[in-house]
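Engineer: Take a look at my_file-v1.cif, mmCIF, C-alpha atoms:
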```cif
data_protein
#
loop_
_atom_site.label_atom_id
_atom_site.label_comp_id
_atom_site.auth_asym_id
_atom_site.auth_seq_id
_atom_site.Cartn_x
_atom_site.Cartn_y
_atom_site.Cartn_z
CA MET A 22 -13.98 35.02 23.64
CA SER A 23 -10.37 34.16 22.76
CA MET A 24 -8.26 31.03 23.01
CA THR A 25 -4.63 29.92 23.15
CA ILE A 26 -3.97 26.39 21.90
CA SER A 27 -1.48 24.53 24.06
CA SER A 28 -1.43 21.18 22.24
CA ILE A 29 -3.26 18.94 19.78
CA ASP A 30 -2.45 15.26 19.97
CA GLN A 31 -3.83 11.72 19.94
CA ILE A 32 -5.50 12.17 16.58
CA SER A 33 -7.25 8.85 16.05
CA GLU A 34 -8.64 7.61 12.74
CA VAL A 35 -10.15 4.59 14.49
CA ASN A 36 -12.21 6.64 16.97
CA MET A 37 -12.36 9.72 14.73
CA ASP A 38 -11.42 12.18 17.44
CA TYR A 39 -8.52 14.26 18.70
CA THR A 40 -7.35 15.64 22.04
CA ILE A 41 -6.80 19.36 22.49
CA THR A 42 -5.64 21.45 25.45
CA VAL A 43 -6.50 25.16 25.41
CA PHE A 44 -6.49 28.26 27.57
CA LEU A 45 -10.01 29.61 27.14
CA ARG A 46 -10.68 33.25 28.00
CA GLN A 47 -14.17 34.76 28.22
CA TYR A 48 -14.93 38.48 28.54
CA TRP A 49 -18.12 40.21 29.59
CA LYS A 50 -19.19 43.27 31.56
CA ASP A 51 -21.21 43.34 34.75
CA GLY A 52 -21.93 46.92 35.86
CA ARG A 53 -22.71 45.74 39.35
CA LEU A 54 -19.02 44.95 39.87
CA ALA A 55 -17.65 48.37 38.79
CA PHE A 56 -15.50 50.21 41.32
CA SER A 57 -14.11 53.72 41.63
CA ASN A 58 -10.40 53.10 41.03
CA ALA A 59 -10.13 53.45 37.25
CA ASN A 60 -6.39 52.82 37.01
CA GLN A 61 -5.97 49.28 38.22
CA SER A 62 -7.52 45.87 37.58
CA LEU A 63 -8.00 43.36 40.32
CA SER A 64 -6.82 39.76 40.03
CA LEU A 65 -9.10 37.57 42.08
CA ASP A 66 -8.90 34.01 43.29
CA GLY A 67 -10.43 31.60 40.82
CA ARG A 68 -12.60 30.16 43.55
CA LEU A 69 -14.59 33.40 43.51
CA ALA A 70 -16.10 32.22 40.23
CA GLU A 71 -18.50 30.21 42.35
CA LYS A 72 -19.77 33.49 43.87
CA LEU A 73 -20.16 35.32 40.56
CA TRP A 74 -22.30 34.87 37.51
CA VAL A 75 -20.33 33.10 34.75
CA PRO A 76 -21.46 31.84 31.32
CA ASP A 77 -22.59 28.20 31.16
CA THR A 78 -20.15 27.39 28.36
CA PHE A 79 -19.68 23.79 27.25
CA ILE A 80 -18.15 21.94 24.27
CA PRO A 81 -20.93 20.23 22.29
CA ASN A 82 -18.64 18.04 20.14
CA ALA A 83 -16.53 16.87 23.11
CA LYS A 84 -16.56 13.20 24.07
CA GLU A 85 -14.65 13.95 27.26
CA SER A 86 -13.45 17.18 28.83
CA PHE A 87 -12.10 18.40 32.13
CA MET A 88 -10.52 21.44 33.75
CA HIS A 89 -7.03 21.06 35.15
CA LYS A 90 -6.70 21.24 38.93
CA VAL A 91 -2.98 20.89 39.63
CA THR A 92 -1.82 22.35 41.88
CA VAL A 93 -5.00 24.37 42.20
CA ASP A 94 -7.94 24.92 39.91
CA ASN A 95 -6.45 26.33 36.71
CA ARG A 96 -8.73 29.32 36.37
CA LEU A 97 -8.53 33.04 37.02
CA ILE A 98 -10.77 36.07 37.35
CA ARG A 99 -9.66 39.61 36.57
CA LEU A 100 -11.96 42.53 37.34
CA ASP A 101 -11.68 45.89 35.59
CA PRO A 102 -12.85 49.16 37.20
CA ASP A 103 -15.72 49.51 34.71
CA GLY A 104 -17.08 46.08 35.64
CA GLY A 105 -15.37 44.20 32.84
CA ILE A 106 -14.54 40.58 33.75
CA LEU A 107 -11.93 38.23 32.32
CA TYR A 108 -12.61 34.62 33.15
CA GLY A 109 -9.87 32.22 32.06
CA MET A 110 -9.43 28.47 32.48
CA ARG A 111 -7.24 25.66 31.21
CA ILE A 112 -9.22 22.74 29.81
CA THR A 113 -8.54 19.53 27.90
CA ALA A 114 -11.14 17.95 25.64
CA LYS A 115 -11.37 14.89 23.44
CA ALA A 116 -13.42 16.23 20.55
CA ALA A 117 -15.09 14.36 17.72
CA CYS A 118 -13.86 14.95 14.18
CA ASP A 119 -15.68 13.44 11.20
CA MET A 120 -12.94 12.19 8.89
CA ASP A 121 -13.05 11.31 5.21
CA LEU A 122 -10.39 8.64 4.70
CA LYS A 123 -10.78 7.97 0.97
CA LYS A 124 -7.33 9.47 0.30
CA TYR A 125 -5.66 8.10 3.43
CA PRO A 126 -2.70 8.44 4.07
CA MET A 127 -2.44 11.38 1.65
CA ASP A 128 -5.51 13.02 3.09
CA SER A 129 -6.42 16.24 4.86
CA GLN A 130 -9.06 16.43 7.58
CA ASN A 131 -11.33 19.30 8.61
CA CYS A 132 -11.90 19.41 12.37
CA THR A 133 -13.70 21.83 14.66
CA LEU A 134 -13.82 22.80 18.31
CA GLU A 135 -17.17 24.27 19.35
CA PHE A 136 -18.29 26.35 22.32
CA GLU A 137 -21.92 26.90 23.13
CA SER A 138 -24.21 28.07 25.89
CA TYR A 139 -25.82 25.11 27.58
CA GLY A 140 -28.93 26.74 28.99
CA TYR A 141 -29.17 30.36 27.84
CA LYS A 142 -30.88 31.12 24.55
CA THR A 143 -29.74 33.71 22.04
CA ASP A 144 -32.14 36.16 23.71
CA ASP A 145 -30.06 35.90 26.88
CA ILE A 146 -26.45 35.49 25.72
CA ILE A 147 -24.54 35.63 22.44
CA PHE A 148 -20.95 34.44 22.02
CA HIS A 149 -18.49 36.39 19.87
CA TRP A 150 -14.83 35.90 19.02
CA LYS A 151 -12.93 38.92 20.32
CA ASN A 152 -10.88 39.69 17.20
CA GLY A 153 -11.91 37.20 14.52
CA ASN A 154 -9.12 34.85 13.48
CA ALA A 155 -6.72 36.89 15.62
CA SER A 156 -8.57 35.56 18.66
CA ILE A 157 -6.73 32.22 18.22
CA TYR A 158 -3.15 32.04 19.49
CA GLY A 159 -0.49 29.37 19.38
CA VAL A 160 -1.39 27.70 16.08
CA GLU A 161 1.89 28.61 14.40
CA THR A 162 3.97 27.07 17.19
CA LEU A 163 2.19 23.72 17.32
CA LYS A 164 4.26 20.65 16.41
CA LEU A 165 2.33 17.50 15.56
CA GLN A 166 3.76 14.06 14.88
CA GLN A 167 1.93 13.16 11.67
CA PHE A 168 0.10 16.33 10.73
CA ILE A 169 0.65 19.94 9.80
CA ILE A 170 -2.02 22.48 10.72
CA GLY A 171 -2.98 24.41 7.62
CA GLU A 172 -5.83 26.86 7.19
CA TYR A 173 -7.98 27.75 10.16
CA ASN A 174 -11.03 29.92 10.64
CA VAL A 175 -13.45 31.04 13.34
CA ILE A 176 -17.23 31.05 12.95
CA GLU A 177 -20.07 32.57 14.93
CA GLY A 178 -23.57 31.19 14.73
CA THR A 179 -26.20 29.21 16.56
CA SER A 180 -26.47 25.62 17.69
CA ARG A 181 -26.78 22.93 15.04
CA TYR A 182 -29.68 21.22 16.75
CA GLU A 183 -33.19 22.45 17.44
CA SER A 184 -34.70 22.48 20.91
CA GLU A 185 -37.99 23.50 22.45
CA GLU A 186 -36.26 26.34 24.28
CA GLY A 187 -34.98 27.88 21.02
CA GLN A 188 -31.54 28.49 19.52
CA HIS A 189 -28.35 28.72 21.54
CA SER A 190 -25.34 30.84 20.67
CA ASN A 191 -22.43 28.90 19.21
CA VAL A 192 -18.86 29.72 18.17
CA ARG A 193 -16.48 27.39 16.34
CA PHE A 194 -12.78 27.10 15.68
CA CYS A 195 -12.27 25.23 12.37
CA PHE A 196 -8.86 24.00 11.28
CA LYS A 197 -7.42 21.69 8.65
CA LEU A 198 -4.95 18.89 9.35
CA HIS A 199 -2.61 17.89 6.51
CA ARG A 200 -1.24 14.39 7.02
CA GLN A 201 2.48 13.82 6.50
CA ALA A 202 2.95 10.64 4.47
CA PHE A 203 6.67 10.06 5.16
CA TYR A 204 5.90 7.64 7.98
CA PHE A 205 3.71 5.54 5.70
CA ILE A 206 6.27 5.62 2.89
CA PHE A 207 8.83 3.82 5.06
CA GLN A 208 6.31 1.79 7.04
CA THR A 209 4.05 0.52 4.24
CA TYR A 210 4.73 1.78 0.72
CA LEU A 211 8.45 1.01 0.52
CA PRO A 212 8.15 -2.55 1.95
CA ALA A 213 5.25 -3.28 -0.41
CA THR A 214 7.27 -2.02 -3.39
CA LEU A 215 10.30 -4.09 -2.40
CA LEU A 216 8.12 -7.20 -2.10
CA VAL A 217 6.78 -6.65 -5.61
CA VAL A 218 10.31 -6.20 -6.97
CA LEU A 219 11.43 -9.30 -5.06
CA SER A 220 8.70 -11.35 -6.75
CA TRP A 221 10.25 -10.46 -10.12
CA VAL A 222 13.47 -12.27 -9.19
CA SER A 223 11.73 -15.55 -10.03
CA PHE A 224 11.66 -14.52 -13.71
CA TRP A 225 15.45 -14.84 -13.76
CA ILE A 226 15.58 -18.21 -12.02
CA ASN A 227 15.73 -21.35 -14.18
CA SER A 228 12.28 -22.76 -14.73
CA GLU A 229 13.57 -26.19 -13.70
CA ALA A 230 14.31 -24.88 -10.17
CA VAL A 231 10.79 -25.61 -8.96
CA PRO A 232 11.43 -25.40 -5.17
CA ALA A 233 13.24 -22.05 -5.45
CA ARG A 234 10.61 -20.35 -7.58
CA VAL A 235 7.62 -21.73 -5.71
CA ALA A 236 9.13 -20.85 -2.31
CA LEU A 237 9.93 -17.31 -3.46
CA GLY A 238 6.44 -16.79 -4.87
CA ILE A 239 4.61 -18.11 -1.82
CA THR A 240 6.85 -16.14 0.57
CA THR A 241 6.19 -12.83 -1.18
CA VAL A 242 2.44 -13.47 -1.30
CA LEU A 243 2.24 -14.38 2.40
CA THR A 244 4.42 -11.43 3.43
CA MET A 245 2.24 -9.06 1.44
CA THR A 246 -0.83 -10.52 3.15
CA THR A 247 0.75 -9.85 6.55
CA LEU A 248 1.58 -6.29 5.53
CA ILE A 249 -2.02 -5.67 4.45
CA SER A 250 -3.37 -7.09 7.72
CA GLY A 251 -1.06 -4.87 9.77
CA ALA A 252 -2.10 -1.75 7.86
CA ARG A 253 -5.81 -2.49 8.26
CA ALA A 254 -5.47 -3.19 11.99
CA THR A 255 -4.92 0.51 12.72
CA MET A 256 -7.87 1.66 10.63
CA PRO A 257 -11.59 1.85 11.39
CA LYS A 258 -13.94 -0.61 9.74
CA ILE A 259 -15.34 1.67 7.07
CA SER A 260 -17.42 0.72 4.06
CA TYR A 261 -15.37 2.48 1.36
CA ILE A 262 -11.92 1.77 0.01
CA LYS A 263 -8.94 3.94 0.97
CA ALA A 264 -5.93 5.01 -1.06
CA ILE A 265 -3.62 2.74 0.92
CA ASP A 266 -5.97 -0.18 0.25
CA VAL A 267 -5.76 0.45 -3.48
CA TYR A 268 -1.97 0.39 -3.35
CA LEU A 269 -1.62 -2.68 -1.15
CA ILE A 270 -4.22 -4.70 -3.05
CA THR A 271 -2.52 -3.85 -6.35
CA CYS A 272 0.86 -4.88 -4.93
CA PHE A 273 -0.71 -8.13 -3.75
CA LEU A 274 -2.07 -8.77 -7.24
CA PHE A 275 1.39 -8.19 -8.74
CA THR A 276 3.03 -10.67 -6.36
CA PHE A 277 0.24 -13.19 -6.93
CA ALA A 278 0.54 -12.71 -10.70
CA ALA A 279 4.26 -13.51 -10.47
CA LEU A 280 3.37 -16.80 -8.79
CA VAL A 281 0.72 -17.57 -11.41
CA GLU A 282 3.25 -16.73 -14.11
CA TYR A 283 5.48 -19.54 -12.92
CA ALA A 284 2.50 -21.90 -12.93
CA ALA A 285 2.10 -21.06 -16.62
CA VAL A 286 5.82 -21.58 -17.22
CA ASN A 287 5.79 -24.92 -15.43
CA PHE A 288 2.72 -26.06 -17.39
CA ARG A 289 4.39 -25.06 -20.66
CA SER A 290 7.57 -26.87 -19.60
CA SER A 291 5.66 -30.06 -18.83
CA ARG A 292 4.00 -29.93 -22.23
CA ALA A 293 7.37 -29.40 -23.88
CA LYS A 294 8.89 -32.40 -22.10
CA ALA A 295 5.99 -34.58 -23.19
CA THR A 296 6.48 -33.41 -26.76
CA ARG A 297 10.17 -34.25 -26.64
CA ARG A 298 9.49 -37.73 -25.34
CA LYS A 299 7.12 -38.36 -28.23
CA MET A 300 9.52 -36.95 -30.79
CA SER A 301 11.00 -39.58 -33.12
CA VAL A 302 12.78 -39.82 -36.49
CA PRO A 303 10.38 -38.79 -39.29
CA GLU A 304 10.74 -42.15 -41.12
CA PRO A 305 11.34 -45.38 -39.21
CA ILE A 306 14.81 -46.80 -39.31
CA CYS A 307 14.87 -50.55 -39.77
CA LEU A 308 17.66 -53.05 -39.82
CA GLN A 309 17.62 -55.70 -42.52
CA GLU A 310 19.83 -58.69 -42.93
CA GLU A 311 20.22 -60.20 -46.38
CA GLY A 312 22.66 -63.08 -46.33
CA ASP A 313 26.12 -61.81 -45.50
CA GLU A 314 25.21 -58.15 -46.15
CA VAL A 315 23.64 -55.81 -43.65
CA SER A 316 21.85 -52.67 -44.90
CA MET A 317 20.02 -49.78 -43.16
CA LYS A 318 17.35 -47.63 -44.64
CA LYS A 319 18.14 -43.94 -44.56
CA LEU A 320 21.82 -44.68 -43.72
CA ASN A 321 25.00 -43.82 -45.53
CA ASN A 322 27.39 -46.77 -45.40
CA ALA A 323 31.07 -46.10 -45.55
CA GLU A 324 33.26 -49.16 -45.75
CA ALA A 325 36.89 -48.84 -44.87
CA ALA A 326 39.62 -50.20 -47.10
CA GLY A 327 39.79 -53.99 -46.99
CA GLY A 328 36.13 -54.24 -45.94
CA SER A 329 37.07 -55.09 -42.35
CA ARG A 330 35.33 -52.16 -40.63
CA VAL A 331 32.05 -50.51 -41.47
CA HIS A 332 30.88 -47.20 -40.01
CA THR A 333 27.23 -46.31 -40.41
CA ILE A 334 26.50 -42.59 -40.33
CA LEU A 335 22.94 -41.60 -39.33
CA ASP A 336 22.36 -38.20 -40.90
CA ILE A 337 19.07 -36.57 -39.79
CA ASP A 338 17.65 -33.08 -40.22
CA VAL A 339 15.33 -31.97 -37.42
CA ASP A 340 12.80 -29.41 -38.62
CA ASN A 341 11.96 -27.02 -35.77
CA GLY A 342 9.79 -24.43 -37.46
CA ASN A 343 10.90 -20.91 -36.51
CA ALA A 344 13.65 -22.29 -34.31
CA GLY A 345 15.55 -23.47 -37.40
CA ASN A 346 16.93 -26.85 -38.48
CA LYS A 347 19.47 -28.93 -36.64
CA LYS A 348 21.44 -31.74 -38.19
CA VAL A 349 22.21 -34.77 -36.03
CA GLN A 350 24.69 -37.44 -37.03
CA VAL A 351 25.05 -40.79 -35.30
CA ASP A 352 28.09 -42.92 -36.02
CA VAL A 353 27.28 -46.61 -35.63
CA ASP A 354 30.16 -49.09 -35.75
CA THR A 355 28.84 -52.18 -37.51
CA SER A 356 32.13 -53.91 -38.23
CA GLU A 357 32.24 -57.23 -36.44
CA ASP A 358 32.82 -60.79 -37.33
CA GLU A 359 30.43 -62.31 -39.79
CA GLY A 360 28.68 -64.40 -37.12
CA ASP A 361 28.32 -61.62 -34.53
CA ARG A 362 27.47 -58.87 -36.94
CA PRO A 363 23.64 -58.91 -36.57
CA LYS A 364 23.78 -59.01 -32.75
CA LYS A 365 26.45 -56.33 -32.37
CA MET A 366 24.84 -54.20 -35.00
CA GLY A 367 21.58 -54.05 -33.02
CA LEU A 368 23.42 -53.05 -29.82
CA SER A 369 25.45 -50.34 -31.56
CA PHE A 370 22.35 -49.03 -33.23
CA ARG A 371 20.51 -48.69 -29.91
CA ASN A 372 23.46 -46.79 -28.44
CA GLY A 373 23.48 -44.53 -31.44
CA MET A 374 19.77 -43.83 -31.11
CA ARG A 375 20.22 -42.86 -27.47
CA SER A 376 22.88 -40.37 -28.51
CA PHE A 377 20.56 -39.05 -31.19
CA MET A 378 17.65 -38.54 -28.79
CA ARG A 379 19.90 -36.69 -26.35
CA GLN A 380 20.86 -34.27 -29.10
CA VAL A 381 17.27 -33.88 -30.23
CA SER A 382 16.19 -33.01 -26.67
CA GLN A 383 18.57 -30.06 -26.76
CA VAL A 384 16.77 -28.49 -29.69
CA PRO A 385 14.57 -25.58 -28.39
CA LEU A 386 10.91 -26.03 -29.14
CA LYS A 387 8.98 -23.49 -31.13
CA GLY A 388 7.86 -20.81 -28.67
CA GLY A 389 10.07 -22.24 -25.89
CA VAL A 390 9.14 -22.15 -22.23
CA ALA A 391 11.54 -19.26 -21.55
CA VAL A 392 9.45 -16.93 -23.70
CA ILE A 393 6.95 -16.30 -20.87
CA ASP A 394 9.75 -15.35 -18.48
CA LYS A 395 11.37 -13.24 -21.17
CA TYR A 396 8.27 -11.11 -21.66
CA SER A 397 7.51 -10.98 -17.93
CA ARG A 398 10.92 -9.45 -17.20
CA TRP A 399 9.92 -6.18 -18.85
CA LEU A 400 6.12 -6.38 -18.83
CA PHE A 401 5.78 -6.53 -15.02
CA PRO A 402 8.14 -3.58 -14.24
CA ILE A 403 6.56 -1.37 -16.90
CA SER A 404 3.04 -2.11 -15.68
CA TYR A 405 3.97 -1.48 -12.06
CA SER A 406 5.72 1.79 -12.93
CA LEU A 407 2.68 3.04 -14.84
CA PHE A 408 0.45 2.15 -11.91
CA ASN A 409 2.66 4.13 -9.49
CA ILE A 410 2.63 7.19 -11.74
CA PHE A 411 -1.15 7.12 -12.05
CA TYR A 412 -1.60 6.43 -8.32
CA TYR A 413 0.53 9.29 -7.00
CA VAL A 414 -0.76 11.79 -9.56
CA TYR A 415 -4.39 10.95 -8.77
CA TYR A 416 -4.22 10.86 -4.98
CA ASN A 417 -1.90 13.85 -4.60
CA GLU A 418 -4.18 16.07 -6.68
CA PRO A 419 -6.27 18.34 -4.43
CA TRP A 420 -9.54 17.68 -6.22
CA VAL A 421 -11.53 19.19 -3.37
CA LYS A 422 -10.35 22.57 -2.16
CA TRP A 423 -10.81 23.37 1.51
CA THR A 424 -13.48 25.89 2.37
CA ALA A 425 -14.49 26.99 5.81
CA PRO A 426 -17.85 25.62 6.94
CA ASN A 427 -20.73 28.07 6.95
#
```
Translate the structure of the given file into structure tokens.

Structural biologist:
Amino acid sequence: MSMTISSIDQISEVNMDYTITVFLRQYWKDGRLAFSNANQSLSLDGRLAEKLWVPDTFIPNAKESFMHKVTVDNRLIRLDPDGGILYGMRITAKAACDMDLKKYPMDSQNCTLEFESYGYKTDDIIFHWKNGNASIYGVETLKLQQFIIGEYNVIEGTSRYESEEGQHSNVRFCFKLHRQAFYFIFQTYLPATLLVVLSWVSFWINSEAVPARVALGITTVLTMTTLISGARATMPKISYIKAIDVYLITCFLFTFAALVEYAAVNFRSSRAKATRRKMSVPEPICLQEEGDEVSMKKLNNAEAAGGSRVHTILDIDVDNGNAGNKKVQVDVDTSEDEGDRPKKMGLSFRNGMRSFMRQVSQVPLKGGVAVIDKYSRWLFPISYSLFNIFYYVYYNEPWVKWTAPN
């Protein structure tokens, strides 16, 4: 037996099968058909196969198969003078292929095409490949869309299943399909990576821009969810996790973590604002009126020449821990007429206190809210880069070497 492969296509991970078209040639000798002319072979009409004995060959791992009939039945019979017979036909089969998708889409699959006698036992007929691996033609010229055909091998043996009639002769063509990942790099991996990088943009946006950061975070999370759903739609519902699932789920966690990071920043910002609202001068400032003289505790009074104008300077040190100290001065004009002095002094003092609180609010708190963003700007990229290095090293390593089935 020998075979020329015409095409291999429609390799489906969902159905775990592939479609193959081959020219199958079978050789045997029937002494009853020998003739005297030893110098010339006879090419006979394929329809004569119905008048001759032919092997009952079938494909046990085929889900569907048929012989081509355009424009006539695609089969031939060639008769040699010594009774040797060549029986060839062109057939297409959709054959099952058990796939291990743990490393998908950086995986390699081992597939087989089997031929077996349907009714004859090994006592009646035994199949052999004509010249071992050299019995297979056309492998080197095959061009597949997502795969490269690597190692291949031919095997002779018996049927894999037991029957009451006994064992049946079986031959197999085993080949390995190496998946090309370039399609998935541009279709899945690159968009997922860009979405993760896009989620980091929020670390550089002001924490007060709530709509911008929330919208960016939610958009990246929802887009990543859509990308994951699209990738899983073309895959079978299997119980184990695949390499592409590991990558997409990790990317989703990074985008979700960027959104959670802003929740932490916003919470810290709210706490900081509440702290600033509660912040006051360490010792209360009170206004006292004693006859014609007005005095302020904790104030330095500077009276201009002639005593007509008085400027009150509020000099306060704000202790901010590690953030350092900031000195705030409030100039309160308390020079008014004797009768209006208490009233005007209270108004000027309130204006001065407002100015003071505005300056105090500008003092950064200890461990300010920007610290989380500051650390996230380098922590997220470094973590994601380390994950990518580990991921590609692990899944590109051929832990399991291919060996031909026994």

Engineer: Write out as a JSON list (two decimals) with C-alpha atoms, in the coordinates of the input the residues lying within 10 Å of region 243-259 of chain A, counting all atoms listed in the file and excluding same-chain residues fewer than 4 positions away.

Structural biologist:
```
[["chain", "number", "residue", "atom", "x", "y", "z"],
["A", 33, "SER", "CA", -7.25, 8.85, 16.05],
["A", 34, "GLU", "CA", -8.64, 7.61, 12.74],
["A", 35, "VAL", "CA", -10.15, 4.59, 14.49],
["A", 36, "ASN", "CA", -12.21, 6.64, 16.97],
["A", 37, "MET", "CA", -12.36, 9.72, 14.73],
["A", 122, "LEU", "CA", -10.39, 8.64, 4.70],
["A", 123, "LYS", "CA", -10.78, 7.97, 0.97],
["A", 125, "TYR", "CA", -5.66, 8.10, 3.43],
["A", 205, "PHE", "CA", 3.71, 5.54, 5.70],
["A", 208, "GLN", "CA", 6.31, 1.79, 7.04],
["A", 209, "THR", "CA", 4.05, 0.52, 4.24],
["A", 210, "TYR", "CA", 4.73, 1.78, 0.72],
["A", 212, "PRO", "CA", 8.15, -2.55, 1.95],
["A", 213, "ALA", "CA", 5.25, -3.28, -0.41],
["A", 214, "THR", "CA", 7.27, -2.02, -3.39],
["A", 216, "LEU", "CA", 8.12, -7.20, -2.10],
["A", 217, "VAL", "CA", 6.78, -6.65, -5.61],
["A", 238, "GLY", "CA", 6.44, -16.79, -4.87],
["A", 239, "ILE", "CA", 4.61, -18.11, -1.82],
["A", 263, "LYS", "CA", -8.94, 3.94, 0.97],
["A", 265, "ILE", "CA", -3.62, 2.74, 0.92],
["A", 266, "ASP", "CA", -5.97, -0.18, 0.25],
["A", 268, "TYR", "CA", -1.97, 0.39, -3.35],
["A", 269, "LEU", "CA", -1.62, -2.68, -1.15],
["A", 270, "ILE", "CA", -4.22, -4.70, -3.05],
["A", 272, "CYS", "CA", 0.86, -4.88, -4.93],
["A", 273, "PHE", "CA", -0.71, -8.13, -3.75],
["A", 274, "LEU", "CA", -2.07, -8.77, -7.24],
["A", 276, "THR", "CA", 3.03, -10.67, -6.36],
["A", 277, "PHE", "CA", 0.24, -13.19, -6.93]]
```

Engineer: One number please: CA of Ser180 (chain A) to CA of Val192 (chain A), in Å, one decimal.

Structural biologist: 8.7 Å

Engineer: Kindly resolve the PyMOL selection byres ((chain A and resi 405-409) around 10) on the present coordinates and return the residues as a CSV table (one decimal) with C-alpha atoms, in the frame of the given file.

Structural biologist:
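Written out: result_17.csv:
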```
chain,number,residue,atom,x,y,z
A,214,THR,CA,7.3,-2.0,-3.4
A,217,VAL,CA,6.8,-6.6,-5.6
A,218,VAL,CA,10.3,-6.2,-7.0
A,268,TYR,CA,-2.0,0.4,-3.4
A,271,THR,CA,-2.5,-3.8,-6.4
A,272,CYS,CA,0.9,-4.9,-4.9
A,275,PHE,CA,1.4,-8.2,-8.7
A,400,LEU,CA,6.1,-6.4,-18.8
A,401,PHE,CA,5.8,-6.5,-15.0
A,402,PRO,CA,8.1,-3.6,-14.2
A,403,ILE,CA,6.6,-1.4,-16.9
A,404,SER,CA,3.0,-2.1,-15.7
A,410,ILE,CA,2.6,7.2,-11.7
A,411,PHE,CA,-1.2,7.1,-12.0
A,412,TYR,CA,-1.6,6.4,-8.3
A,413,TYR,CA,0.5,9.3,-7.0
A,414,VAL,CA,-0.8,11.8,-9.6
A,415,TYR,CA,-4.4,11.0,-8.8
```

Engineer: Compare A:Arg193, A:Ile112, A:Gly153, A:Thr179 by their minimum atom-to-atom distance to His89 (chain A), counting only C-alpha atoms, and give me the closest one.

Structural biologist: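 Distance minimum relative to His89 (chain A) lands on A:Ile112.
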
Engineer: Please indicate the distance in Å from CA of Trp399 (chain A) to CA of Val286 (chain A), rounded to one decimal place.

Structural biologist: 16.0 Å

Engineer: Skipping near chain neighbours, those fewer than 5 positions away, what residues fall within 7 Å of Ala117 (chain A) using only C-alpha atoms, listed as a compact mmCIF listing (two decimals) with C-alpha atoms, in the coordinates of the input?

Structural biologist:
```txt
# COMPACT_ATOMS: atom_id res chain seq x y z
CA MET A 37 -12.36 9.72 14.73
CA ASP A 38 -11.42 12.18 17.44
CA TYR A 39 -8.52 14.26 18.70
CA ASN A 82 -18.64 18.04 20.14
CA ALA A 83 -16.53 16.87 23.11
CA LYS A 84 -16.56 13.20 24.07
```
